[in-house]
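Colleague: Take this structure, written in structure tokens, and hold onto it; I'll ask about it next.
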Amino acid sequence: MAELERAEDQVLGKSEEKEAFMKVESTILEPIVCTQSFIRFQLAPKGVLSRDSMIQLRYHCNSSAADAQLFHPINVGISAAIRTATLKIGGVIVSKLENVPYYHAMTKAYNSPAYRSGIDNHLHGINNVISQNSAPTTESGTFGLKDVEPISATEGRLPYTMMIREKGKGGPVHGIFLKDLFSILNDVELPLFLLENAGDIYIELELNQQTNSQTGTDVGNIGGDAPKDGLGTIADCIAKSGVRQDIDTSVSLDTDSVKMFVDRLYFNEDIMAEKAESLNASKGRMIQYVDVVHTTAALKQGPAPAVNTIQAKQLTNQIAVSGMDLQNLKWCYTVSKKETLGPTGQVKQKPLYSSDFVGRYKMWATPKADSYNIRINDMMFYNTEVSNTAFKCSELESIYATPVALSTALYSQDAETEKTGAYNVKTNLFPDTTSYLLAGGLELRQLSGSHHFAGANVTVAYGNALDDSTHIGQKPVEVQHTFYRNKDTNYDVTFLYFAEVVKKLAMKDGRVEVFT
Amino acid sequence: MDPRTLRLQGKYRIVSDTTNTLPQNITDGSAASATSGVGSNPFCGIAGIIDQINISTGNSRTIESIRSYNSYLATTRPFFTSASDVNNGGNLYDATYQIKSTTNALTTNQETDFAIQLRTGFFHNNIIPISEKGTSGCSIQISLCQNNNQIQPFFVFDPSAPEGSPILSTTEFRFEVFDLALTFDTLIASSSLYSKIPSTGVLQFNTVSSIVSTLLSSDETKNFNFGTTNTLAVTHSMIPSIHLNNRKVDSLRLCQPENGATVNGKGTIAPVTAVTYMKSGRMFPYDYELSSPDQALNRRPSAMIIEPAQNSVSLYNNEDSMLSPCTFLGLTSGRLNLVKNIAQPYPCISDPNSLYILGVPMDSARTGVSFARDNYSVRIKSGLDQRSPMTLFTYCLARNLVQYSPAGIQTLE
């Protein structure tokens, strides 16, 4: 053991003072533009932008009758409000994430149940961790939501902290990390101090709106409305005594709540100089980061399938990532079809493939598992079509080298549907409202198969290291699907693809350049 | 081969022996019928069908062999997976893998897809060279168990009763797996890189060997000769011998010693009051008896006994586990809601009395202890009445070191 040389060395709990090599400066930034449909923040070119910087949002309901009756869709939370997020530097779009709620519904599913329950629940309004409900033997073992407040063994309610309040009465204030909106911040901490001459630095959010204020028993499905303006776009509504409510469900952004909590990092001169060099394009240097390319495709309703049969439709969708370095591809299916359910009951109509709990952001699991293969650079990625539901989860695991943490009951209906005929549901893993009542009687069974997505990791190794990707040639990536619909699910389908590609960012003559 | 991506995938169903139809389990506690009352061990799920796994090189040299794989899985898996992880992610790869037998029974009503890992020590490696500069290929032989070992009744737990009512179908069923495929990623080196890869190397992995014996008396010492040089841990589980390969009960149950178990029912618990682990007759690694008769006889957690047993599985990584006073002893704990003061009912928690093991980790440094020349012994004091044989499973976890070369593989340790 080294001999103690100085008197102060003998004082326990005291160490020699060293110069701090990093300083964190936290500021609150107000938006320069803030409307119900658009928010713009401007960042000053100082310091290094921390990936843990966060945007704060709050919504309130427009009607006093809806006070504490609405909540954000449980699989995406506050992300439901954001349609598109863009990071611009000097007019150059560095990162752009479209259809944010669906992308977050996928990526948040990788968070562990403990994190979703303890952090995402409060920060984002996400509440999709599954546990067994407490209903006694009538439906023993069936699933329910873990984070509910029990009223009795057979009834629970969503946490009061999730409920959207009328203006002036508070309500939940949610936050979204910038790193969740812009993958670039997962990979690098953006050196804003280098961008002094690069032009204005903007973070822009295009917002969804839920303006439908019409009331009636067909709330949420007013004839002729575009689905984006209806119930479930930003918020869903609880029921009362097993009956859906006849109230105004429109919500508005509390513009006073919109803020960005910006953390800027300042390092010592050596590290700042090192960061500057890493972006110096005149010396051939640039930094790599991941951005998301979004593609949509549509599948029209097919000819009506016969009763008790299922109809297969083969189609190929092209993903526009030619010339890019592709890391992985994820996709989901949505249906915005609305249909009259029938004359009985309080709800004459409702969005068929929306859900009481996840609203528009239901990622549909087809009754019969779809199959797919991917063509990359004229080579088939799999040597056979992928159709095994469990194996799809295994493929999703290899994307981020971490498993998807969703219940099988949320991910697919594989354990519920018969495997013949029309693949109808024969077993329910969620209880009916007579044996367990949640949120006043919303149908837990609508959660079944509502979180389905698939994907493939096209990097060489397991996981997604930045320097590991597949360069796509001139031909676009093709995803070949065999898609199944039966008589009850024969609707127009939208395919949403999210391709994560590696881009490069560099500074040249004071300007930002992005290379693919 | 990247073993992290290795999956055995296929389809699984349980069908009636007579009509070839799927069960129609109803979990509302109503009486069993010809179609209701069929399940499998929820903590094992589909993997419970695997009785033995043999892994060998392309030139038929055995690398690893695990007998009673399903029993080993039932013994270990709940100790490194939490109930929440099973409900949220664990059951994606096997819908029948659940924390409750009723949920397992519901999923059994349909044919389901699966893509399961093979949880052997060899496949717990990073990258395995299976080219000619390695194991020259890899052969995996999987032996399936009897129907009666996998198929069992399901158990409905009344909100206040720790003893679940078994629902057993009045007809017999069998399991089927089909459309099987083994999938994995391979990293293929370019010819220039391949030429630089050495043709000899060493692989290190943990492996499991299992021994089956019988426990009969109230104070019994069992001796085993492992012959392993780097023994990391030894774990024991037990079940009434009459319950092995018995479709009328859970044949993969982890129970305490029981007196008077019948063909279709549990016996009276004869608690373990003290355990002593020994090496060549000397107490090891604890130089004292692990004794907690007061807790055992008063249905209280015997932390002195269960804590080393848990560590024998987890090797001190105890962040995720289903072990609780409920799963260990059937005690409910906590409240659903402190304000409402509603007791935590059995329908919403892991099945009670479902996890009981004995065991001891040998070395916290994880380098292992040699039993090459020493016997391992365990002395178990319990309330067994000498008329109720318990089958005792013993799993020895040891570090294995093999060298591969063009001549084949050679075990170094």
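Convention: chains lettered A, B, ... in structure tokens order; per-chain residue numbering from 1; ligands numbered from 1 as shown.
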Find the residues near segment 177-187 of chain B: any atom within 8 Å, counting only C-alpha atoms, skip ones fewer than 6 places away on the same chain, and give them as a PyMOL selection string.

Modeller: (chain A and resi 460-461) or (chain B and resi 1-3+5-13)

Colleague: Check which residues of segment 43-160 of chain A sit at most 7 Å from segment 409-432 of chain A using only C-alpha atoms, and return one row each with the closest pair of atoms and their distance in Å to one decimal, ordered by chain and rising number, as a Markdown table.

Modeller:
```
| residue | atom | partner | partner_atom | distance |
| --- | --- | --- | --- | --- |
| A:Glu139 | CA | A:Pro431 | CA | 6.3 |
| A:Thr142 | CA | A:Phe430 | CA | 5.2 |
| A:Phe143 | CA | A:Phe430 | CA | 5.0 |
| A:Gly144 | CA | A:Phe430 | CA | 6.6 |
```

Colleague: Produce a file of the selected residues containing N, CA and C atoms, as a CSV table (one decimal), in the first residue's frame.

Modeller:
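Output (out.csv):
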```
chain,number,residue,atom,x,y,z
A,139,GLU,N,-63.2,-16.3,-14.2
A,139,GLU,CA,-62.2,-16.2,-15.3
A,139,GLU,C,-60.8,-16.2,-14.7
A,142,THR,N,-57.1,-15.0,-16.3
A,142,THR,CA,-57.1,-14.1,-17.4
A,142,THR,C,-56.3,-12.8,-17.2
A,143,PHE,N,-56.0,-12.2,-18.3
A,143,PHE,CA,-55.1,-11.0,-18.2
A,143,PHE,C,-55.8,-9.7,-17.9
A,144,GLY,N,-55.1,-8.8,-17.3
A,144,GLY,CA,-55.6,-7.5,-17.1
A,144,GLY,C,-54.4,-6.5,-17.1
```

Colleague: Find, counting only C-alpha atoms, the residue in A:Lys108, A:Lys46, A:Lys169, A:His294 that gets nearest to Thr84 of chain A.

Modeller: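 Among the listed residues, A:His294 lies closest to Thr84 of chain A.
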
Colleague: At a cut-off of 7 Å, which residues of chain B touch chain A? Count only C-alpha atoms and give the answer as a ChimeraX atom specification.

Modeller: /B:9,27-29,84-85,87-89,91-95,100,102-103,106-107,109-115,156,158-159,336-337,345,347-349

Colleague: Quick one: write out the picked residues with C-alpha atoms as a PDB file, in the first residue's frame?

Modeller:
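Saved to result_33.pdb:
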```
ATOM      1  CA  GLN B   9     -39.495 -23.324 -33.740  1.00  0.00           C
ATOM      2  CA  THR B  27     -61.271 -22.165 -15.991  1.00  0.00           C
ATOM      3  CA  ASP B  28     -64.290 -21.023 -14.026  1.00  0.00           C
ATOM      4  CA  GLY B  29     -63.883 -23.824 -11.510  1.00  0.00           C
ATOM      5  CA  SER B  84     -43.803  -9.790 -14.659  1.00  0.00           C
ATOM      6  CA  ASP B  85     -41.193 -10.826 -17.225  1.00  0.00           C
ATOM      7  CA  ASN B  87     -46.338 -12.092 -18.457  1.00  0.00           C
ATOM      8  CA  ASN B  88     -44.628  -9.422 -20.553  1.00  0.00           C
ATOM      9  CA  GLY B  89     -42.292 -11.010 -23.037  1.00  0.00           C
ATOM     10  CA  ASN B  91     -44.775 -15.881 -23.149  1.00  0.00           C
ATOM     11  CA  LEU B  92     -44.143 -14.373 -26.596  1.00  0.00           C
ATOM     12  CA  TYR B  93     -41.950 -17.302 -27.542  1.00  0.00           C
ATOM     13  CA  ASP B  94     -44.216 -19.927 -26.051  1.00  0.00           C
ATOM     14  CA  ALA B  95     -47.791 -18.967 -25.284  1.00  0.00           C
ATOM     15  CA  LYS B 100     -50.643 -19.651 -13.623  1.00  0.00           C
ATOM     16  CA  THR B 102     -55.267 -21.682 -15.533  1.00  0.00           C
ATOM     17  CA  THR B 103     -53.689 -19.312 -18.071  1.00  0.00           C
ATOM     18  CA  LEU B 106     -56.503 -21.408 -21.725  1.00  0.00           C
ATOM     19  CA  THR B 107     -53.631 -21.269 -24.203  1.00  0.00           C
ATOM     20  CA  ASN B 109     -57.194 -24.711 -26.119  1.00  0.00           C
ATOM     21  CA  GLN B 110     -55.547 -23.755 -29.407  1.00  0.00           C
ATOM     22  CA  GLU B 111     -52.670 -24.889 -31.534  1.00  0.00           C
ATOM     23  CA  THR B 112     -49.878 -22.356 -31.005  1.00  0.00           C
ATOM     24  CA  ASP B 113     -46.565 -21.383 -32.555  1.00  0.00           C
ATOM     25  CA  PHE B 114     -43.387 -21.568 -30.535  1.00  0.00           C
ATOM     26  CA  ALA B 115     -39.760 -20.537 -30.945  1.00  0.00           C
ATOM     27  CA  VAL B 156     -58.061 -23.273  -9.947  1.00  0.00           C
ATOM     28  CA  ASP B 158     -60.121 -19.774  -4.932  1.00  0.00           C
ATOM     29  CA  PRO B 159     -59.310 -16.198  -3.885  1.00  0.00           C
ATOM     30  CA  LEU B 336     -53.794  -5.039  -3.807  1.00  0.00           C
ATOM     31  CA  ASN B 337     -54.407  -1.573  -2.534  1.00  0.00           C
ATOM     32  CA  PRO B 345     -56.241 -12.908  -4.170  1.00  0.00           C
ATOM     33  CA  PRO B 347     -56.227 -15.550  -9.107  1.00  0.00           C
ATOM     34  CA  CYS B 348     -53.888 -12.620  -9.777  1.00  0.00           C
ATOM     35  CA  ILE B 349     -50.606 -13.934  -8.383  1.00  0.00           C
TER      36      ILE B 349
END
```

Colleague: Hey, what's within 8 Å of Asp147 of chain A if we count only C-alpha atoms and toss same-chain stuff fewer than 6 positions away? As an MDAnalysis selection string, please?

Modeller: chainID A and resid 117 127 129 158:159

Colleague: Write out as number ranges by chain the set of residues from segment 232-450 of chain A that DSSP, computed on the backbone, places in helix (DSSP H, G or I).

Modeller: A: 255-257, 269-278, 281-283, 389-400, 408-411, 444-447

Colleague: Those residues with N, CA and C atoms, as an mmCIF file, in the first residue's frame please?

Modeller:
```cif
data_model
loop_
_atom_site.group_PDB
_atom_site.id
_atom_site.type_symbol
_atom_site.label_atom_id
_atom_site.label_comp_id
_atom_site.auth_asym_id
_atom_site.auth_seq_id
_atom_site.Cartn_x
_atom_site.Cartn_y
_atom_site.Cartn_z
ATOM 1 N N THR A 255 -51.317 25.287 -24.212
ATOM 2 C CA THR A 255 -50.124 25.908 -24.802
ATOM 3 C C THR A 255 -49.181 26.470 -23.743
ATOM 4 N N ASP A 256 -49.739 26.821 -22.585
ATOM 5 C CA ASP A 256 -48.866 27.329 -21.517
ATOM 6 C C ASP A 256 -47.929 26.238 -20.991
ATOM 7 N N SER A 257 -48.328 24.986 -21.186
ATOM 8 C CA SER A 257 -47.526 23.889 -20.620
ATOM 9 C C SER A 257 -46.357 23.514 -21.522
ATOM 10 N N GLU A 269 -11.685 22.054 -22.606
ATOM 11 C CA GLU A 269 -11.309 22.457 -23.968
ATOM 12 C C GLU A 269 -10.865 21.281 -24.830
ATOM 13 N N ASP A 270 -10.176 20.348 -24.207
ATOM 14 C CA ASP A 270 -9.669 19.213 -24.990
ATOM 15 C C ASP A 270 -10.821 18.412 -25.591
ATOM 16 N N ILE A 271 -11.814 18.149 -24.768
ATOM 17 C CA ILE A 271 -12.938 17.327 -25.245
ATOM 18 C C ILE A 271 -13.757 18.104 -26.273
ATOM 19 N N MET A 272 -13.961 19.416 -26.024
ATOM 20 C CA MET A 272 -14.711 20.223 -27.000
ATOM 21 C C MET A 272 -13.975 20.235 -28.348
ATOM 22 N N ALA A 273 -12.657 20.349 -28.291
ATOM 23 C CA ALA A 273 -11.887 20.358 -29.537
ATOM 24 C C ALA A 273 -11.978 19.004 -30.238
ATOM 25 N N GLU A 274 -11.994 17.951 -29.438
ATOM 26 C CA GLU A 274 -12.122 16.602 -29.996
ATOM 27 C C GLU A 274 -13.463 16.439 -30.706
ATOM 28 N N LYS A 275 -14.534 16.967 -30.078
ATOM 29 C CA LYS A 275 -15.854 16.890 -30.696
ATOM 30 C C LYS A 275 -15.884 17.689 -32.000
ATOM 31 N N ALA A 276 -15.234 18.840 -32.003
ATOM 32 C CA ALA A 276 -15.201 19.656 -33.216
ATOM 33 C C ALA A 276 -14.476 18.925 -34.342
ATOM 34 N N GLU A 277 -13.406 18.247 -34.001
ATOM 35 C CA GLU A 277 -12.635 17.516 -35.015
ATOM 36 C C GLU A 277 -13.424 16.351 -35.590
ATOM 37 N N SER A 278 -14.258 15.733 -34.722
ATOM 38 C CA SER A 278 -14.995 14.557 -35.180
ATOM 39 C C SER A 278 -15.977 14.894 -36.297
ATOM 40 N N ALA A 281 -15.529 18.042 -41.792
ATOM 41 C CA ALA A 281 -15.610 17.409 -43.105
ATOM 42 C C ALA A 281 -14.414 17.751 -43.974
ATOM 43 N N SER A 282 -13.798 18.938 -43.746
ATOM 44 C CA SER A 282 -12.654 19.304 -44.576
ATOM 45 C C SER A 282 -11.483 18.354 -44.320
ATOM 46 N N LYS A 283 -11.527 17.647 -43.200
ATOM 47 C CA LYS A 283 -10.508 16.627 -42.943
ATOM 48 C C LYS A 283 -11.071 15.228 -43.168
ATOM 49 N N THR A 389 -45.422 -17.036 -35.494
ATOM 50 C CA THR A 389 -45.604 -15.839 -34.674
ATOM 51 C C THR A 389 -44.492 -15.684 -33.639
ATOM 52 N N ALA A 390 -44.139 -16.770 -32.998
ATOM 53 C CA ALA A 390 -43.107 -16.700 -31.968
ATOM 54 C C ALA A 390 -41.744 -16.365 -32.574
ATOM 55 N N PHE A 391 -41.496 -16.877 -33.761
ATOM 56 C CA PHE A 391 -40.215 -16.589 -34.410
ATOM 57 C C PHE A 391 -40.124 -15.120 -34.819
ATOM 58 N N LYS A 392 -41.267 -14.515 -35.145
ATOM 59 C CA LYS A 392 -41.256 -13.079 -35.465
ATOM 60 C C LYS A 392 -40.741 -12.282 -34.266
ATOM 61 N N CYS A 393 -41.131 -12.709 -33.088
ATOM 62 C CA CYS A 393 -40.641 -12.022 -31.869
ATOM 63 C C CYS A 393 -39.139 -12.222 -31.722
ATOM 64 N N SER A 394 -38.676 -13.401 -32.081
ATOM 65 C CA SER A 394 -37.247 -13.678 -32.013
ATOM 66 C C SER A 394 -36.489 -12.759 -32.964
ATOM 67 N N GLU A 395 -37.053 -12.514 -34.137
ATOM 68 C CA GLU A 395 -36.420 -11.612 -35.099
ATOM 69 C C GLU A 395 -36.424 -10.178 -34.585
ATOM 70 N N LEU A 396 -37.518 -9.797 -33.923
ATOM 71 C CA LEU A 396 -37.564 -8.444 -33.342
ATOM 72 C C LEU A 396 -36.515 -8.296 -32.244
ATOM 73 N N GLU A 397 -36.276 -9.379 -31.514
ATOM 74 C CA GLU A 397 -35.272 -9.355 -30.443
ATOM 75 C C GLU A 397 -33.890 -9.057 -31.003
ATOM 76 N N SER A 398 -33.602 -9.598 -32.172
ATOM 77 C CA SER A 398 -32.250 -9.437 -32.712
ATOM 78 C C SER A 398 -31.998 -8.015 -33.225
ATOM 79 N N ILE A 399 -33.058 -7.211 -33.363
ATOM 80 C CA ILE A 399 -32.857 -5.837 -33.853
ATOM 81 C C ILE A 399 -32.074 -5.009 -32.844
ATOM 82 N N TYR A 400 -32.542 -5.022 -31.606
ATOM 83 C CA TYR A 400 -31.866 -4.209 -30.585
ATOM 84 C C TYR A 400 -31.127 -5.071 -29.562
ATOM 85 N N THR A 408 -48.012 -12.062 -24.770
ATOM 86 C CA THR A 408 -48.466 -12.749 -25.980
ATOM 87 C C THR A 408 -49.895 -12.355 -26.331
ATOM 88 N N ALA A 409 -50.681 -12.016 -25.313
ATOM 89 C CA ALA A 409 -52.076 -11.638 -25.562
ATOM 90 C C ALA A 409 -52.170 -10.291 -26.252
ATOM 91 N N LEU A 410 -51.198 -9.411 -26.038
ATOM 92 C CA LEU A 410 -51.177 -8.129 -26.732
ATOM 93 C C LEU A 410 -50.584 -8.278 -28.125
ATOM 94 N N TYR A 411 -49.597 -9.141 -28.244
ATOM 95 C CA TYR A 411 -48.841 -9.220 -29.494
ATOM 96 C C TYR A 411 -49.629 -9.895 -30.612
ATOM 97 N N LEU A 444 -61.728 -4.984 -22.216
ATOM 98 C CA LEU A 444 -60.327 -5.419 -22.183
ATOM 99 C C LEU A 444 -60.005 -6.313 -23.379
ATOM 100 N N ARG A 445 -61.007 -7.028 -23.853
ATOM 101 C CA ARG A 445 -60.763 -7.958 -24.963
ATOM 102 C C ARG A 445 -60.352 -7.236 -26.244
ATOM 103 N N GLN A 446 -60.630 -5.923 -26.311
ATOM 104 C CA GLN A 446 -60.183 -5.193 -27.492
ATOM 105 C C GLN A 446 -58.665 -5.064 -27.527
ATOM 106 N N LEU A 447 -58.019 -5.337 -26.389
ATOM 107 C CA LEU A 447 -56.555 -5.263 -26.361
ATOM 108 C C LEU A 447 -55.913 -6.465 -27.049
#
```

Colleague: Would you please work out which residue, of A:Leu326, A:Leu505, A:Val251, A:Leu178, is nearest to Asn62 of chain A when using only C-alpha atoms?

Modeller: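 Looking only at the distances to Asn62 of chain A, the closest residue turns out to be A:Val251.
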
Colleague: Work out how far apart atom CA of Lys508 of chain A and atom CA of Asn280 of chain A are and give it in Å to one decimal.

Modeller: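 Separation of atom CA of Lys508 of chain A and atom CA of Asn280 of chain A: 6.5 Å.
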